[in-house]
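First up is the structure itself, then whatever we jot down about it.
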Amino acid sequence: MGTTTTLYRFQIELSDIQRSVYESLDFRVAQHPSEALPYLVTRVLAFALNSSEGLAFSPSGLSDPDTAAITIPDSFGGFRLWIEIGNPSARKLHKAAKAAKEVKVYTYKDPKPLIREIHEEKVHRRKRN
């Protein structure tokens with residue numbers, strides 16, 4: 001018998017002074033059986049930090065490695081925002097930068113290997129923030 005998905009409920013009082021966003025977030029997040037808890041927590045924090053109309057977790061979750069963890073779609077079939085969690089490959093970031101106006105990466109790991117890979121590989125619109 002396989003491991004089952006765990007469902008967590010998050011209630012967050014969001015107060016982002018820089019963006020003038022003040023709201024109560026109340027949502028549930030499914031933890032995929034192969035998803036580490038630090039990944040899940042980073043995913044939730046990224047969601048809260050980017051809370052905006054249209055923001056959504058990937059419907060396919062971790063089962064589709066080519067999709068973003070979190071996105072805001074645009075009206076042209078692309079994305080306004082593409083968010084990755086952990087240390088995504090340079091290939092995936094290159095794809096994301098071509099598909100989205102803005103790409104963000106939130107990592108709970110050492111970022112040095114990610115930064116090194118981005119500088120060594122071809123990544124569309126790469127810059128370090």
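Residue numbering restarts at 1 in every chain; chains get A, B, ... in the order shown in the structure tokens, and ligands count up from 1 in that same order.
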
Extract, using only C-alpha atoms, all DNA, RNA and protein residues at most 10 Å from Tyr106 in chain A, discarding same-chain residues fewer than 6 positions from it, and format them as a PyMOL selection string. chain A and resi 39+42-43+45-46+83-88

Could you pull the residues within 12 Å of Glu23 in chain A, counting only C-alpha atoms, minus those fewer than 5 positions along the same chain, as a list in words?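 Everything that qualifies: Gln11, Ile12, Glu13, Leu14, Ser15, Asp16, Ile17, Ala48, Leu49, Ser51, Ser52 and Glu53 of chain A.
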
Give me the residues within 12 Å of range 72-76 of chain A as a CSV table (one decimal) with N, CA, C and O atoms, in the first residue's frame, counting only C-alpha atoms and dropping any in the same chain fewer than 6 places off.
```csv
chain,number,residue,atom,x,y,z
A,47,PHE,N,3.6,31.4,-1.9
A,47,PHE,CA,2.2,31.7,-2.3
A,47,PHE,C,1.8,32.9,-1.5
A,47,PHE,O,1.2,33.9,-2.1
A,50,ASN,N,3.4,36.3,-2.6
A,50,ASN,CA,3.0,36.7,-3.9
A,50,ASN,C,1.5,36.8,-4.1
A,50,ASN,O,1.0,36.9,-5.2
A,51,SER,N,0.8,36.7,-3.0
A,51,SER,CA,-0.7,36.7,-3.1
A,51,SER,C,-1.2,37.8,-4.0
A,51,SER,O,-0.9,39.0,-3.8
A,52,SER,N,-2.0,37.4,-5.0
A,52,SER,CA,-2.5,38.4,-6.0
A,52,SER,C,-3.6,37.7,-6.7
A,52,SER,O,-3.7,36.4,-6.7
A,53,GLU,N,-4.5,38.4,-7.3
A,53,GLU,CA,-5.6,37.8,-8.1
A,53,GLU,C,-5.1,36.9,-9.2
A,53,GLU,O,-4.1,37.2,-9.9
A,54,GLY,N,-5.6,35.7,-9.2
A,54,GLY,CA,-5.2,34.7,-10.2
A,54,GLY,C,-4.1,33.8,-9.8
A,54,GLY,O,-3.8,32.8,-10.5
A,55,LEU,N,-3.5,34.0,-8.7
A,55,LEU,CA,-2.4,33.2,-8.2
A,55,LEU,C,-2.9,31.8,-7.9
A,55,LEU,O,-3.9,31.7,-7.2
A,56,ALA,N,-2.2,30.8,-8.4
A,56,ALA,CA,-2.7,29.4,-8.1
A,56,ALA,C,-1.6,28.4,-8.1
A,56,ALA,O,-0.6,28.6,-8.8
A,57,PHE,N,-1.7,27.4,-7.2
A,57,PHE,CA,-0.8,26.3,-7.2
A,57,PHE,C,-1.0,25.5,-8.5
A,57,PHE,O,-2.1,25.5,-9.1
A,58,SER,N,0.1,24.8,-9.0
A,58,SER,CA,0.0,24.0,-10.1
A,58,SER,C,-1.1,22.9,-9.9
A,58,SER,O,-1.1,22.2,-8.9
A,82,TRP,N,5.6,33.1,-12.9
A,82,TRP,CA,6.0,31.7,-12.8
A,82,TRP,C,6.9,31.5,-11.6
A,82,TRP,O,7.9,32.2,-11.5
A,83,ILE,N,6.5,30.7,-10.6
A,83,ILE,CA,7.3,30.6,-9.4
A,83,ILE,C,7.8,29.1,-9.3
A,83,ILE,O,7.0,28.2,-9.4
A,99,ALA,N,8.2,31.7,-21.1
A,99,ALA,CA,6.8,31.6,-21.0
A,99,ALA,C,6.1,32.7,-20.1
A,99,ALA,O,4.9,32.9,-20.2
A,100,ALA,N,6.9,33.3,-19.3
A,100,ALA,CA,6.4,34.2,-18.3
A,100,ALA,C,7.1,35.6,-18.3
A,100,ALA,O,8.2,35.7,-18.6
A,101,LYS,N,6.3,36.6,-17.9
A,101,LYS,CA,6.9,37.9,-17.8
A,101,LYS,C,7.9,38.0,-16.7
A,101,LYS,O,8.9,38.7,-16.8
A,102,GLU,N,7.5,37.3,-15.6
A,102,GLU,CA,8.4,37.4,-14.4
A,102,GLU,C,8.5,35.9,-13.8
A,102,GLU,O,7.6,35.2,-13.8
A,103,VAL,N,9.8,35.6,-13.5
A,103,VAL,CA,10.1,34.3,-12.9
A,103,VAL,C,10.7,34.5,-11.5
A,103,VAL,O,11.7,35.3,-11.4
A,104,LYS,N,10.3,33.8,-10.5
A,104,LYS,CA,10.8,33.8,-9.2
A,104,LYS,C,11.2,32.4,-8.7
A,104,LYS,O,10.5,31.5,-9.1
```

Go through chain A and collect every residue that DSSP, computed from the backbone, puts in strand (DSSP E or B); the answer should be as JSON, numbers by chain. {"A": [6, 7, 8, 9, 10, 11, 12, 13, 14, 15, 16, 21, 22, 23, 24, 25, 26, 27, 28, 29, 30, 31, 56, 57, 70, 71, 72, 73, 79, 80, 81, 82, 83, 84, 85, 100, 101, 102, 103, 104, 105, 106]}

The selected residues should be written to file as a short mmCIF file (atom, residue, chain, number, x, y, z; two decimals), in the first residue's frame (atoms: C-alpha atoms).
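This is the output file again09.cif:
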```cif
data_model
loop_
_atom_site.label_atom_id
_atom_site.label_comp_id
_atom_site.auth_asym_id
_atom_site.auth_seq_id
_atom_site.Cartn_x
_atom_site.Cartn_y
_atom_site.Cartn_z
CA THR A 6 -1.63 14.69 3.36
CA LEU A 7 -3.88 17.75 3.38
CA TYR A 8 -2.85 20.82 5.41
CA ARG A 9 -4.93 23.89 6.18
CA PHE A 10 -3.21 27.27 6.38
CA GLN A 11 -4.68 30.45 7.85
CA ILE A 12 -2.43 33.43 7.22
CA GLU A 13 -3.00 37.06 8.12
CA LEU A 14 -1.14 38.81 5.32
CA SER A 15 0.12 42.34 5.80
CA ASP A 16 2.40 43.44 2.95
CA VAL A 21 -1.93 44.12 0.50
CA TYR A 22 -3.84 43.26 3.67
CA GLU A 23 -5.90 40.10 3.62
CA SER A 24 -6.73 36.88 5.40
CA LEU A 25 -5.69 33.78 3.50
CA ASP A 26 -7.43 30.52 4.32
CA PHE A 27 -6.53 27.62 2.03
CA ARG A 28 -5.69 23.95 1.93
CA VAL A 29 -2.56 22.46 0.41
CA ALA A 30 -2.04 18.82 -0.47
CA GLN A 31 1.38 17.39 0.31
CA ALA A 56 -2.72 29.40 -8.11
CA PHE A 57 -0.79 26.29 -7.22
CA ILE A 70 2.76 28.45 -8.66
CA THR A 71 1.56 30.71 -11.48
CA ILE A 72 -0.51 33.70 -12.45
CA PRO A 73 -1.73 33.22 -16.03
CA PHE A 79 2.00 33.61 -17.55
CA ARG A 80 2.40 36.90 -15.75
CA LEU A 81 4.25 35.09 -12.98
CA TRP A 82 5.99 31.69 -12.80
CA ILE A 83 7.30 30.56 -9.40
CA GLU A 84 9.67 27.64 -8.85
CA ILE A 85 10.52 26.03 -5.51
CA ALA A 100 6.37 34.23 -18.28
CA LYS A 101 6.86 37.94 -17.83
CA GLU A 102 8.39 37.35 -14.39
CA VAL A 103 10.07 34.27 -12.88
CA LYS A 104 10.84 33.83 -9.19
CA VAL A 105 12.66 31.04 -7.38
CA TYR A 106 12.20 30.34 -3.68
#
```

May I have the residues within 10 Å of Glu117 in chain A as number ranges by chain, using only C-alpha atoms and disregarding those fewer than 5 positions away in the same chain? A: 87-91, 112, 122-123

Give the helix (DSSP H, G or I) residues of chain A, as DSSP finds them on the backbone, and put them as a count of residues only. 35

How far is it from CA of Val41 in chain A to CA of Gly78 in chain A, in Å with one decimal? 26.4 Å
